[in-house]
file model33.csv (CSV, C-alpha atoms (C1' of nucleotides))
chain,number,residue,atom,x,y,z
Y,1,MET,CA,147.5,49.1,57.3
Y,2,SER,CA,146.2,46.3,55.3
Y,3,LEU,CA,145.1,42.8,56.5
Y,4,THR,CA,146.3,39.9,54.5
Y,5,ILE,CA,146.7,36.2,55.0
Y,6,LYS,CA,150.1,36.9,56.5
Y,7,SER,CA,148.7,38.2,59.7
Y,8,CYS,CA,146.4,35.2,59.9
Y,9,TYR,CA,149.4,32.8,59.4
Y,10,ALA,CA,151.4,34.8,62.0
Y,11,LEU,CA,148.8,34.4,64.7
Y,12,ARG,CA,148.3,30.7,64.0
Y,13,GLY,CA,152.0,30.2,63.9
Y,14,LEU,CA,152.6,32.0,67.1
Y,15,TYR,CA,149.9,30.0,68.8
Y,16,GLU,CA,151.4,26.8,67.6
Y,17,LEU,CA,154.8,27.9,68.7
Y,18,TYR,CA,153.5,28.5,72.2
Y,19,LYS,CA,151.8,25.2,72.4
Y,20,LEU,CA,154.8,23.2,71.2
Y,21,GLN,CA,157.1,25.1,73.6
Y,22,ASN,CA,154.9,24.2,76.5
Y,23,GLU,CA,154.5,20.6,75.5
Y,24,GLN,CA,158.2,20.0,75.3
Y,25,ASN,CA,159.2,22.2,78.1
Y,26,GLN,CA,159.1,19.8,81.0
Y,27,ASN,CA,162.0,21.2,82.9
Y,28,ASN,CA,161.7,24.8,82.0
Y,29,GLU,CA,164.7,25.1,79.8
Y,30,LYS,CA,164.8,27.5,77.0
Y,31,ASN,CA,163.8,25.6,73.9
Y,32,TYR,CA,163.6,26.4,70.2
Y,33,ILE,CA,160.9,25.2,67.9
Y,34,SER,CA,161.7,24.8,64.2
Y,35,ILE,CA,159.6,26.4,61.4
Y,36,PHE,CA,159.2,22.9,60.1
Y,37,ASN,CA,157.5,21.7,63.2
Y,38,ILE,CA,155.1,24.6,63.3
Y,39,SER,CA,154.2,24.4,59.6
Y,40,GLU,CA,153.7,20.7,59.9
Y,41,ASN,CA,151.1,21.2,62.6
Y,42,THR,CA,149.3,24.1,61.0
Y,43,ASP,CA,149.4,23.4,57.2
Y,44,ILE,CA,151.0,26.8,56.6
Y,45,PRO,CA,153.5,26.6,53.8
Y,46,ASN,CA,157.0,26.2,55.3
Y,47,GLU,CA,158.9,28.8,53.4
Y,48,PHE,CA,156.2,31.4,53.6
Y,49,LEU,CA,156.1,30.9,57.4
Y,50,ALA,CA,159.8,31.2,57.5
Y,51,LYS,CA,159.6,34.6,55.9
Y,52,ILE,CA,156.9,35.7,58.4
Y,53,PHE,CA,158.9,34.6,61.4
Y,54,SER,CA,161.9,36.4,60.1
Y,55,GLU,CA,159.9,39.6,60.1
Y,56,LEU,CA,158.5,38.9,63.5
Y,57,LYS,CA,162.0,38.5,64.8
Y,58,ARG,CA,163.0,41.9,63.4
Y,59,ALA,CA,160.1,43.3,65.3
Y,60,GLY,CA,161.3,41.7,68.5
Y,61,ILE,CA,158.2,39.4,68.9
Y,62,VAL,CA,160.2,36.2,68.6
Y,63,ASP,CA,163.8,35.2,69.1
Y,64,SER,CA,165.7,32.7,67.1
Y,65,GLY,CA,168.6,30.3,67.4
Y,66,ARG,CA,170.5,29.0,64.4
Y,67,GLY,CA,172.1,25.7,63.8
Y,68,LYS,CA,171.1,22.3,65.0
Y,69,PHE,CA,168.4,22.4,67.7
Y,70,GLY,CA,167.8,26.0,66.7
Y,71,GLY,CA,164.5,27.5,65.9
Y,72,PHE,CA,162.2,30.1,67.3
Y,73,THR,CA,161.0,31.1,70.7
Y,74,LEU,CA,158.6,33.7,72.0
Y,75,ALA,CA,160.6,36.8,73.0
Y,76,LYS,CA,158.0,38.1,75.5
Y,77,ASN,CA,155.2,36.9,77.6
Y,78,PRO,CA,152.0,36.4,75.5
Y,79,GLU,CA,150.2,39.1,77.5
Y,80,GLU,CA,152.8,41.6,76.5
Y,81,VAL,CA,152.3,41.2,72.8
Y,82,LYS,CA,149.6,43.3,71.3
Y,83,LEU,CA,148.2,42.2,68.0
Y,84,SER,CA,148.7,45.7,66.6
Y,85,GLU,CA,152.5,45.1,67.0
Y,86,ILE,CA,152.2,41.9,65.0
Y,87,VAL,CA,150.1,43.3,62.2
Y,88,GLU,CA,152.3,46.4,61.9
Y,89,ALA,CA,155.4,44.2,61.7
Y,90,LEU,CA,154.0,42.2,58.8
Y,91,GLU,CA,151.6,44.4,56.8
Y,92,VAL,CA,153.8,47.0,55.0
Y,93,PRO,CA,151.5,48.8,52.6
Y,94,LEU,CA,153.5,49.6,49.5
Y,95,ASN,CA,151.0,49.8,46.7
Y,96,SER,CA,149.6,52.9,45.1
Y,97,TYR,CA,146.3,53.2,46.7
Y,98,ASP,CA,147.7,55.3,49.4
Y,99,CYS,CA,144.4,56.7,50.5
Y,100,VAL,CA,143.1,53.4,51.5
Y,101,THR,CA,146.1,51.4,52.5
Y,102,LYS,CA,148.2,54.1,54.2
Y,103,GLY,CA,145.3,56.3,55.2
Y,104,GLU,CA,147.0,59.0,53.2
Y,105,CYS,CA,145.6,60.7,50.1
Y,106,VAL,CA,147.5,61.4,46.9
Y,107,ASN,CA,145.3,64.3,46.1
Y,108,GLN,CA,145.8,65.8,49.6
Y,109,ASP,CA,144.7,69.2,48.5
Y,110,THR,CA,141.3,68.3,47.0
Y,111,CYS,CA,140.2,65.0,48.4
Y,112,PRO,CA,137.1,65.4,50.6
Y,113,ALA,CA,137.4,61.9,52.1
Y,114,ASP,CA,141.0,61.4,53.3
Y,115,PHE,CA,139.9,61.9,57.0
Y,116,VAL,CA,137.7,58.9,56.6
Y,117,TRP,CA,140.6,56.5,55.9
Y,118,ARG,CA,142.6,58.0,58.7
Y,119,ARG,CA,139.7,57.3,61.1
Y,120,VAL,CA,139.3,53.8,59.8
Y,121,GLN,CA,143.0,53.2,60.1
Y,122,LYS,CA,142.9,54.3,63.7
Y,123,ALA,CA,139.8,52.2,64.5
Y,124,ILE,CA,141.6,49.1,63.2
Y,125,PHE,CA,144.7,49.9,65.2
Y,126,ASP,CA,142.8,50.6,68.3
Y,127,GLU,CA,140.9,47.4,68.1
Y,128,LEU,CA,144.0,45.4,67.5
Y,129,SER,CA,145.7,47.1,70.5
Y,130,LYS,CA,143.1,45.7,72.8
Y,131,ILE,CA,143.9,42.1,72.0
Y,132,THR,CA,147.1,40.3,73.0
Y,133,LEU,CA,148.7,37.0,72.1
Y,134,LYS,CA,147.4,35.7,75.4
Y,135,ASP,CA,143.8,36.2,74.3
Y,136,ILE,CA,144.6,34.2,71.2
Y,137,ILE,CA,146.1,31.4,73.3
Y,138,GLU,CA,143.1,31.3,75.7
Y,139,TYR,CA,140.6,31.3,72.8
Y,140,GLY,CA,142.5,28.6,71.0
Y,141,GLU,CA,142.7,26.4,74.0
Y,142,ARG,CA,139.0,26.8,74.8
Y,143,LYS,CA,138.2,25.9,71.2
Y,144,GLY,CA,140.5,22.9,71.3
Y,145,ASN,CA,138.8,21.6,74.3
Y,146,VAL,CA,135.5,21.4,72.6
Y,147,SER,CA,135.5,17.7,71.7
Y,148,PRO,CA,133.7,16.9,68.5
Y,149,ILE,CA,131.1,14.3,68.8
B,1,MET,CA,134.9,44.0,54.1
B,2,SER,CA,138.0,45.3,52.2
B,3,LEU,CA,138.8,48.8,51.4
B,4,THR,CA,140.0,49.6,47.8
B,5,ILE,CA,140.2,52.6,45.7
B,6,LYS,CA,136.7,52.1,44.6
B,7,SER,CA,135.4,53.4,47.9
B,8,CYS,CA,137.7,56.4,47.5
B,9,TYR,CA,136.4,57.1,44.0
B,10,ALA,CA,132.8,56.7,45.2
B,11,LEU,CA,133.1,59.3,47.9
B,12,ARG,CA,134.9,61.7,45.7
B,13,GLY,CA,132.3,61.1,43.0
B,14,LEU,CA,129.4,61.6,45.3
B,15,TYR,CA,130.9,64.8,46.6
B,16,GLU,CA,131.3,66.1,43.1
B,17,LEU,CA,127.8,65.0,42.2
B,18,TYR,CA,126.4,67.0,45.1
B,19,LYS,CA,128.5,70.1,44.2
B,20,LEU,CA,127.5,70.1,40.5
B,21,GLN,CA,123.8,69.5,41.4
B,22,ASN,CA,123.8,72.5,43.7
B,23,GLU,CA,125.7,74.8,41.2
B,24,GLN,CA,123.2,74.0,38.4
B,25,ASN,CA,120.1,73.9,40.5
B,26,GLN,CA,119.0,77.5,40.5
B,27,ASN,CA,115.3,76.8,40.5
B,28,ASN,CA,115.2,73.7,42.5
B,29,GLU,CA,114.2,71.4,39.6
B,30,LYS,CA,115.4,67.8,39.7
B,31,ASN,CA,118.5,67.6,37.7
B,32,TYR,CA,120.8,64.8,36.6
B,33,ILE,CA,124.5,65.0,36.4
B,34,SER,CA,126.3,62.8,33.8
B,35,ILE,CA,129.2,60.5,34.7
B,36,PHE,CA,131.2,62.4,32.1
B,37,ASN,CA,130.8,65.6,34.0
B,38,ILE,CA,131.8,64.0,37.3
B,39,SER,CA,134.8,62.2,35.9
B,40,GLU,CA,135.9,65.3,34.1
B,41,ASN,CA,136.1,67.3,37.3
B,42,THR,CA,137.7,64.5,39.5
B,43,ASP,CA,140.1,62.7,37.1
B,44,ILE,CA,138.4,59.4,37.9
B,45,PRO,CA,138.4,57.1,34.9
B,46,ASN,CA,135.0,57.5,33.2
B,47,GLU,CA,134.1,53.9,32.6
B,48,PHE,CA,135.2,52.8,36.0
B,49,LEU,CA,133.2,55.5,37.7
B,50,ALA,CA,130.2,54.4,35.6
B,51,LYS,CA,130.5,51.0,37.1
B,52,ILE,CA,130.7,52.3,40.6
B,53,PHE,CA,127.7,54.5,40.2
B,54,SER,CA,125.7,51.6,38.8
B,55,GLU,CA,126.5,49.7,42.0
B,56,LEU,CA,125.5,52.7,44.1
B,57,LYS,CA,122.2,52.8,42.3
B,58,ARG,CA,121.5,49.2,43.1
B,59,ALA,CA,122.1,50.1,46.7
B,60,GLY,CA,119.7,52.9,46.5
B,61,ILE,CA,122.2,55.6,47.2
B,62,VAL,CA,121.8,57.4,43.9
B,63,ASP,CA,119.0,57.5,41.3
B,64,SER,CA,119.5,57.7,37.6
B,65,GLY,CA,117.7,58.9,34.5
B,66,ARG,CA,118.5,57.5,31.1
B,67,GLY,CA,118.5,59.2,27.7
B,68,LYS,CA,119.5,62.7,26.8
B,69,PHE,CA,119.8,64.9,29.8
B,70,GLY,CA,119.9,61.8,31.9
B,71,GLY,CA,122.5,61.1,34.5
B,72,PHE,CA,122.7,60.6,38.3
B,73,THR,CA,121.2,62.3,41.3
B,74,LEU,CA,121.5,61.7,45.0
B,75,ALA,CA,118.6,59.5,46.2
B,76,LYS,CA,118.6,60.7,49.8
B,77,ASN,CA,119.7,63.6,51.8
B,78,PRO,CA,123.4,63.5,52.5
B,79,GLU,CA,122.9,63.2,56.2
B,80,GLU,CA,120.9,60.0,55.6
B,81,VAL,CA,123.7,58.2,53.8
B,82,LYS,CA,126.1,56.4,56.1
B,83,LEU,CA,129.5,55.5,54.7
B,84,SER,CA,129.1,52.0,55.8
B,85,GLU,CA,126.3,51.7,53.3
B,86,ILE,CA,128.5,53.0,50.5
B,87,VAL,CA,131.4,50.7,51.3
B,88,GLU,CA,129.2,47.7,51.7
B,89,ALA,CA,127.7,48.4,48.3
B,90,LEU,CA,131.0,48.4,46.6
B,91,GLU,CA,133.4,46.2,48.4
B,92,VAL,CA,132.4,42.6,47.7
B,93,PRO,CA,135.1,40.4,49.2
B,94,LEU,CA,135.4,37.4,46.8
B,95,ASN,CA,139.0,36.3,47.2
B,96,SER,CA,140.2,33.3,49.1
B,97,TYR,CA,141.6,34.9,52.2
B,98,ASP,CA,138.2,34.6,53.9
B,99,CYS,CA,139.6,35.0,57.4
B,100,VAL,CA,140.8,38.5,56.7
B,101,THR,CA,138.5,39.8,54.0
B,102,LYS,CA,135.2,38.3,55.1
B,103,GLY,CA,136.0,38.0,58.8
B,104,GLU,CA,135.3,34.3,58.4
B,105,CYS,CA,137.8,31.5,58.8
B,106,VAL,CA,138.3,28.6,56.4
B,107,ASN,CA,139.6,26.4,59.2
B,108,GLN,CA,136.7,27.3,61.5
B,109,ASP,CA,137.3,24.4,63.8
B,110,THR,CA,141.0,25.0,64.6
B,111,CYS,CA,141.8,28.6,64.0
B,112,PRO,CA,142.6,30.4,67.2
B,113,ALA,CA,142.3,33.8,65.6
B,114,ASP,CA,139.1,34.1,63.7
B,115,PHE,CA,137.5,36.2,66.4
B,116,VAL,CA,140.1,38.8,65.8
B,117,TRP,CA,139.0,39.4,62.2
B,118,ARG,CA,135.4,39.5,63.3
B,119,ARG,CA,136.2,42.2,65.8
B,120,VAL,CA,138.3,44.2,63.3
B,121,GLN,CA,135.5,43.9,60.8
B,122,LYS,CA,133.0,45.2,63.3
B,123,ALA,CA,135.4,48.0,64.3
B,124,ILE,CA,135.6,49.2,60.7
B,125,PHE,CA,131.9,49.0,60.1
B,126,ASP,CA,131.1,50.8,63.4
B,127,GLU,CA,133.5,53.6,62.5
B,128,LEU,CA,132.1,54.0,59.0
B,129,SER,CA,128.6,54.0,60.4
B,130,LYS,CA,129.4,57.2,62.3
B,131,ILE,CA,130.2,59.1,59.2
B,132,THR,CA,127.7,60.4,56.7
B,133,LEU,CA,127.9,61.9,53.2
B,134,LYS,CA,127.1,65.2,54.9
B,135,ASP,CA,130.4,65.0,56.8
B,136,ILE,CA,132.2,64.5,53.6
B,137,ILE,CA,130.5,67.5,52.0
B,138,GLU,CA,131.2,69.8,54.9
B,139,TYR,CA,134.8,68.6,55.1
B,140,GLY,CA,135.3,69.1,51.4
B,141,GLU,CA,133.8,72.5,51.4
B,142,ARG,CA,135.9,73.6,54.3
B,143,LYS,CA,139.0,72.3,52.5
B,144,GLY,CA,138.0,74.0,49.3
B,145,ASN,CA,137.7,77.4,51.0
B,146,VAL,CA,141.3,77.4,52.1
B,147,SER,CA,142.8,79.6,49.4
B,148,PRO,CA,146.3,78.6,48.4
B,149,ILE,CA,148.7,81.5,48.4
G,1,DT,C1',111.5,60.3,12.7
G,2,DT,C1',115.9,60.9,13.4
G,3,DC,C1',119.9,62.2,16.1
G,4,DA,C1',122.6,62.8,20.1
G,5,DA,C1',123.6,61.9,24.7
G,6,DA,C1',123.1,59.4,28.3
G,7,DA,C1',122.8,54.9,31.2
G,8,DC,C1',123.4,50.1,31.0
G,9,DA,C1',125.7,45.6,30.0
G,10,DT,C1',129.5,42.8,29.1
G,11,DA,C1',133.7,41.1,27.8
G,12,DC,C1',138.5,41.7,27.7
G,13,DA,C1',143.4,43.5,29.0
G,14,DT,C1',146.9,44.4,32.3
G,15,DA,C1',149.7,45.4,36.2
G,16,DG,C1',151.0,44.6,40.5
G,17,DA,C1',150.4,42.5,44.8
G,18,DT,C1',150.5,38.3,46.9
G,19,DG,C1',151.7,33.8,47.8
G,20,DT,C1',154.6,29.7,46.7
G,21,DC,C1',158.6,27.3,45.5
G,22,DT,C1',163.6,26.4,44.8
G,23,DA,C1',168.2,26.7,45.7
G,24,DC,C1',171.9,28.2,48.1
G,25,DT,C1',174.7,30.1,52.3
G,26,DT,C1',175.7,30.3,57.0
G,27,DT,C1',175.6,28.8,61.7
G,28,DT,C1',175.6,25.5,65.4
G,29,DT,C1',175.7,21.2,67.8
G,30,DA,C1',176.9,16.5,68.4
D,1,DT,C1',182.6,16.5,59.6
D,2,DA,C1',177.6,15.8,59.1
D,3,DA,C1',173.1,17.2,60.0
D,4,DA,C1',169.7,20.4,61.0
D,5,DA,C1',168.3,24.6,61.5
D,6,DA,C1',167.9,29.8,60.2
D,7,DG,C1',168.8,33.2,56.8
D,8,DT,C1',168.8,35.0,52.0
D,9,DA,C1',167.7,35.7,47.3
D,10,DG,C1',165.1,35.2,43.5
D,11,DA,C1',162.1,32.9,40.2
D,12,DC,C1',157.5,31.8,39.3
D,13,DA,C1',152.6,31.5,39.4
D,14,DT,C1',148.2,33.2,40.4
D,15,DC,C1',144.7,36.2,41.5
D,16,DT,C1',142.1,40.3,41.4
D,17,DA,C1',141.6,45.1,41.4
D,18,DT,C1',141.6,48.3,38.0
D,19,DG,C1',141.0,50.0,33.7
D,20,DT,C1',139.5,49.8,28.6
D,21,DA,C1',136.7,48.9,24.8
D,22,DT,C1',132.5,47.8,22.5
D,23,DG,C1',128.0,47.6,21.8
D,24,DT,C1',122.8,48.1,23.3
D,25,DT,C1',119.0,50.6,25.0
D,26,DT,C1',116.6,54.6,26.4
D,27,DT,C1',115.1,59.3,26.1
D,28,DG,C1',114.3,64.1,24.8
D,29,DA,C1',114.5,67.4,21.4
D,30,DA,C1',115.0,69.2,16.9
call {"tool": "encode", "arguments": {"input": "model33.csv", "output": "structure tokens"}}
result
Amino acid sequence: MSLTIKSCYALRGLYELYKLQNEQNQNNEKNYISIFNISENTDIPNEFLAKIFSELKRAGIVDSGRGKFGGFTLAKNPEEVKLSEIVEALEVPLNSYDCVTKGECVNQDTCPADFVWRRVQKAIFDELSKITLKDIIEYGERKGNVSPI
Amino acid sequence: MSLTIKSCYALRGLYELYKLQNEQNQNNEKNYISIFNISENTDIPNEFLAKIFSELKRAGIVDSGRGKFGGFTLAKNPEEVKLSEIVEALEVPLNSYDCVTKGECVNQDTCPADFVWRRVQKAIFDELSKITLKDIIEYGERKGNVSPI
DNA sequence: TTCAAAACATACATAGATGTCTACTTTTTA
DNA sequence: TAAAAAGTAGACATCTATGTATGTTTTGAA
């Protein structure tokens, strides 16, 4: 499990999605937010964000509606989405440094260190499992409330 | 703090250094092992390993002697070397994805997720702090004793 | 004093991951 | 039927980890 800017974009995008949904949702109807709107507010490149959300949909983290007035919506309550899910959905390690990215070792038979990467892998996963999208939202809102002087 | 194949090479290299030192050290004299010898036994590219060991020396993890019969030697007892030291000595995050590699966020003021990367960063460091070079050596020796049929 | 073997220093090459951009297709609503 | 959105595919650019090559300095021994 690697950690790239994709995960960062995903969290910021999901946070923005939540915010826009709540702003516009006066009468509690199901509403979709377009990628364009999210990227506009976050300065995340439009097309890259589209890719990311497409992957998040496949993982069941967001739902989408096509066509006019389509867009994305959160598929679950924020407290039900663990960050480990999000990161796992996005970060697909495919390069050759298996020992560090996958926590697996190419020289299985001789490598005296493979257990290290497995332990690190697990440590990352465990830490990410303790955090939910709700924590992100609360943290972001607290931060947003700090008015700059 | 990123994790690349450098860290992997370092651990395998240090393990090999320890082994060669003990094989050759019949009468407990200080003896140096050359990079050439280590890379020969581990299939780690010679010059790359040289770079890695040079960084390990700067971090005080190995000592070196120049000239003929020079080479490298462990600077401390294996149980005194935490893996967090080794990884920190090698993995210098310099790319632009500060939020994920350095645990710092470029958009400090608005990012609702920077605390996540700090926590992950810490989780990795904490896990690596619990493991020493001695653990690597013991694990490697156990593994080496398993005779393939 | 000379040679060989080693660390040390540095610059260069390259592949592959990563991120960005462009264009096109399909779907849906008004 | 037009507009706005997701979805899809692929080209392109860039960055950086990795590996290579070359040369310099140091040291011990013959």
call {"tool": "residues_around", "arguments": {"input": "model33.csv", "residues": "Ile61 (chain B)", "least_positions_apart": "4", "cutoff": "10 Å", "atoms": "only C-alpha atoms (C1' of nucleotides)", "output": "list in words"}}
result
Leu14, Phe53, Ser54, Glu55, Leu56, Lys57, Thr73, Leu74, Ala75, Lys76, Asn77, Pro78, Glu80, Val81, Lys82, Glu85, Ile86 and Ala89 of chain B
call {"tool": "write_last_selection", "arguments": {"input": "model33.csv", "atoms": "C-alpha atoms", "output": "PDB file, in the coordinates of the input"}}
result
ATOM      1  CA  LEU B  14     129.400  61.600  45.300  1.00  0.00           C
ATOM      2  CA  PHE B  53     127.700  54.500  40.200  1.00  0.00           C
ATOM      3  CA  SER B  54     125.700  51.600  38.800  1.00  0.00           C
ATOM      4  CA  GLU B  55     126.500  49.700  42.000  1.00  0.00           C
ATOM      5  CA  LEU B  56     125.500  52.700  44.100  1.00  0.00           C
ATOM      6  CA  LYS B  57     122.200  52.800  42.300  1.00  0.00           C
ATOM      7  CA  THR B  73     121.200  62.300  41.300  1.00  0.00           C
ATOM      8  CA  LEU B  74     121.500  61.700  45.000  1.00  0.00           C
ATOM      9  CA  ALA B  75     118.600  59.500  46.200  1.00  0.00           C
ATOM     10  CA  LYS B  76     118.600  60.700  49.800  1.00  0.00           C
ATOM     11  CA  ASN B  77     119.700  63.600  51.800  1.00  0.00           C
ATOM     12  CA  PRO B  78     123.400  63.500  52.500  1.00  0.00           C
ATOM     13  CA  GLU B  80     120.900  60.000  55.600  1.00  0.00           C
ATOM     14  CA  VAL B  81     123.700  58.200  53.800  1.00  0.00           C
ATOM     15  CA  LYS B  82     126.100  56.400  56.100  1.00  0.00           C
ATOM     16  CA  GLU B  85     126.300  51.700  53.300  1.00  0.00           C
ATOM     17  CA  ILE B  86     128.500  53.000  50.500  1.00  0.00           C
ATOM     18  CA  ALA B  89     127.700  48.400  48.300  1.00  0.00           C
TER      19      ALA B  89
END
call {"tool": "interface_residues", "arguments": {"input": "model33.csv", "of": "chain D", "to": "chain Y", "cutoff": "8 Å", "atoms": "all atoms listed in the file", "output": "JSON, numbers by chain"}}
result
{"D": [3, 4, 5, 6]}
call {"tool": "residues_around", "arguments": {"input": "model33.csv", "residues": "Asn46 (chain B)", "least_positions_apart": "2", "cutoff": "12 Å", "atoms": "all atoms listed in the file", "output": "number ranges by chain"}}
result
B: 9, 13, 34-44, 48-53; D: 19-20
call {"tool": "interface_residues", "arguments": {"input": "model33.csv", "of": "chain G", "to": "chain B", "cutoff": "7 Å", "atoms": "only C-alpha atoms (C1' of nucleotides)", "output": "MDAnalysis selection string"}}
result
chainID G and resid 5:7
call {"tool": "calpha_fit_and_write", "arguments": {"input": "model33.csv", "fixed": "chain Y", "moving": "chain B", "output": "short mmCIF file (atom, residue, chain, number, x, y, z; two decimals) with C-alpha atoms, in the frame of the given file"}}
result
data_model
loop_
_atom_site.label_atom_id
_atom_site.label_comp_id
_atom_site.auth_asym_id
_atom_site.auth_seq_id
_atom_site.Cartn_x
_atom_site.Cartn_y
_atom_site.Cartn_z
CA MET B 1 147.55 49.16 57.30
CA SER B 2 146.11 46.24 55.23
CA LEU B 3 145.11 42.93 56.47
CA THR B 4 146.25 39.82 54.45
CA ILE B 5 146.64 36.24 55.12
CA LYS B 6 150.04 36.83 56.46
CA SER B 7 148.62 38.20 59.68
CA CYS B 8 146.39 35.12 59.88
CA TYR B 9 149.35 32.79 59.41
CA ALA B 10 151.37 34.73 61.99
CA LEU B 11 148.80 34.36 64.71
CA ARG B 12 148.21 30.76 63.98
CA GLY B 13 151.97 30.21 63.91
CA LEU B 14 152.56 31.98 67.15
CA TYR B 15 149.81 30.00 68.80
CA GLU B 16 151.36 26.78 67.63
CA LEU B 17 154.79 27.94 68.71
CA TYR B 18 153.51 28.57 72.22
CA LYS B 19 151.72 25.16 72.36
CA LEU B 20 154.76 23.15 71.17
CA GLN B 21 157.09 25.09 73.55
CA ASN B 22 154.88 24.25 76.51
CA GLU B 23 154.44 20.51 75.50
CA GLN B 24 158.24 20.03 75.20
CA ASN B 25 159.25 22.18 78.10
CA GLN B 26 159.14 19.76 80.98
CA ASN B 27 162.05 21.22 82.86
CA ASN B 28 161.68 24.79 82.02
CA GLU B 29 164.82 24.99 79.82
CA LYS B 30 164.80 27.45 76.92
CA ASN B 31 163.80 25.59 73.89
CA TYR B 32 163.50 26.44 70.21
CA ILE B 33 160.84 25.23 67.93
CA SER B 34 161.69 24.83 64.19
CA ILE B 35 159.58 26.37 61.42
CA PHE B 36 159.23 22.85 60.06
CA ASN B 37 157.52 21.72 63.19
CA ILE B 38 155.14 24.68 63.20
CA SER B 39 154.25 24.41 59.55
CA GLU B 40 153.76 20.71 59.87
CA ASN B 41 151.11 21.12 62.53
CA THR B 42 149.28 24.16 60.91
CA ASP B 43 149.46 23.43 57.14
CA ILE B 44 151.07 26.83 56.58
CA PRO B 45 153.53 26.72 53.71
CA ASN B 46 157.00 26.24 55.24
CA GLU B 47 158.96 28.80 53.31
CA PHE B 48 156.32 31.42 53.62
CA LEU B 49 156.04 30.94 57.34
CA ALA B 50 159.85 31.24 57.52
CA LYS B 51 159.57 34.63 55.99
CA ILE B 52 156.91 35.75 58.37
CA PHE B 53 158.81 34.61 61.39
CA SER B 54 161.91 36.44 60.18
CA GLU B 55 159.82 39.62 60.09
CA LEU B 56 158.48 38.90 63.57
CA LYS B 57 162.01 38.56 64.81
CA ARG B 58 162.96 41.93 63.44
CA ALA B 59 160.05 43.30 65.38
CA GLY B 60 161.23 41.69 68.48
CA ILE B 61 158.25 39.46 68.91
CA VAL B 62 160.13 36.20 68.65
CA ASP B 63 163.79 35.24 69.18
CA SER B 64 165.67 32.70 67.18
CA GLY B 65 168.62 30.36 67.52
CA ARG B 66 170.50 29.13 64.50
CA GLY B 67 172.18 25.77 63.88
CA LYS B 68 171.10 22.35 64.95
CA PHE B 69 168.44 22.46 67.57
CA GLY B 70 167.86 26.04 66.64
CA GLY B 71 164.50 27.50 65.87
CA PHE B 72 162.12 30.14 67.30
CA THR B 73 160.93 31.08 70.74
CA LEU B 74 158.56 33.72 71.99
CA ALA B 75 160.53 36.84 73.05
CA LYS B 76 157.98 38.14 75.54
CA ASN B 77 155.17 36.91 77.60
CA PRO B 78 152.03 36.48 75.57
CA GLU B 79 150.17 39.09 77.51
CA GLU B 80 152.85 41.63 76.52
CA VAL B 81 152.36 41.17 72.79
CA LYS B 82 149.62 43.32 71.32
CA LEU B 83 148.21 42.28 67.97
CA SER B 84 148.72 45.67 66.62
CA GLU B 85 152.43 45.08 66.96
CA ILE B 86 152.21 41.83 65.01
CA VAL B 87 150.16 43.31 62.19
CA GLU B 88 152.31 46.36 61.93
CA ALA B 89 155.35 44.14 61.63
CA LEU B 90 153.97 42.27 58.74
CA GLU B 91 151.64 44.41 56.78
CA VAL B 92 153.74 46.93 54.87
CA PRO B 93 151.38 48.81 52.58
CA LEU B 94 153.42 49.52 49.39
CA ASN B 95 150.79 49.68 46.67
CA SER B 96 149.50 52.78 45.02
CA TYR B 97 146.12 53.13 46.64
CA ASP B 98 147.66 55.25 49.41
CA CYS B 99 144.34 56.74 50.49
CA VAL B 100 142.99 53.38 51.53
CA THR B 101 146.03 51.34 52.44
CA LYS B 102 148.18 53.97 54.12
CA GLY B 103 145.36 56.26 55.25
CA GLU B 104 147.08 58.96 53.24
CA CYS B 105 145.71 60.67 50.16
CA VAL B 106 147.58 61.25 46.91
CA ASN B 107 145.44 64.29 46.13
CA GLN B 108 145.92 65.75 49.61
CA ASP B 109 144.80 69.18 48.59
CA THR B 110 141.41 68.28 47.04
CA CYS B 111 140.26 65.02 48.45
CA PRO B 112 137.22 65.42 50.61
CA ALA B 113 137.56 61.97 52.09
CA ASP B 114 141.03 61.39 53.34
CA PHE B 115 139.99 61.88 56.94
CA VAL B 116 137.77 58.90 56.61
CA TRP B 117 140.67 56.53 55.90
CA ARG B 118 142.62 58.04 58.74
CA ARG B 119 139.78 57.34 61.11
CA VAL B 120 139.27 53.78 59.80
CA GLN B 121 142.97 53.18 60.14
CA LYS B 122 142.93 54.37 63.71
CA ALA B 123 139.81 52.28 64.41
CA ILE B 124 141.59 49.13 63.26
CA PHE B 125 144.75 49.84 65.15
CA ASP B 126 142.83 50.72 68.36
CA GLU B 127 140.89 47.46 68.13
CA LEU B 128 144.00 45.37 67.54
CA SER B 129 145.72 47.12 70.40
CA LYS B 130 143.12 45.68 72.78
CA ILE B 131 143.97 42.15 71.93
CA THR B 132 147.03 40.28 73.06
CA LEU B 133 148.68 36.97 72.13
CA LYS B 134 147.36 35.74 75.48
CA ASP B 135 143.79 36.21 74.23
CA ILE B 136 144.58 34.17 71.23
CA ILE B 137 146.06 31.38 73.34
CA GLU B 138 143.14 31.25 75.72
CA TYR B 139 140.67 31.36 72.85
CA GLY B 140 142.47 28.60 71.03
CA GLU B 141 142.70 26.43 74.04
CA ARG B 142 139.06 26.84 74.82
CA LYS B 143 138.22 25.93 71.21
CA GLY B 144 140.51 22.96 71.30
CA ASN B 145 138.80 21.52 74.40
CA VAL B 146 135.46 21.28 72.69
CA SER B 147 135.46 17.60 71.77
CA PRO B 148 133.75 16.86 68.49
CA ILE B 149 131.23 14.08 68.76
#
call {"tool": "atom_distance", "arguments": {"input": "model33.csv", "atom1": "C1' of DT2 (chain G)", "atom2": "CA of Glu47 (chain B)"}}
result
27.4 Å
call {"tool": "residues_around", "arguments": {"input": "model33.csv", "residues": "DA21 (chain D)", "least_positions_apart": "5", "cutoff": "10 Å", "atoms": "all atoms listed in the file", "output": "PyMOL selection string"}}
result
(chain B and resi 47) or (chain G and resi 11-13)
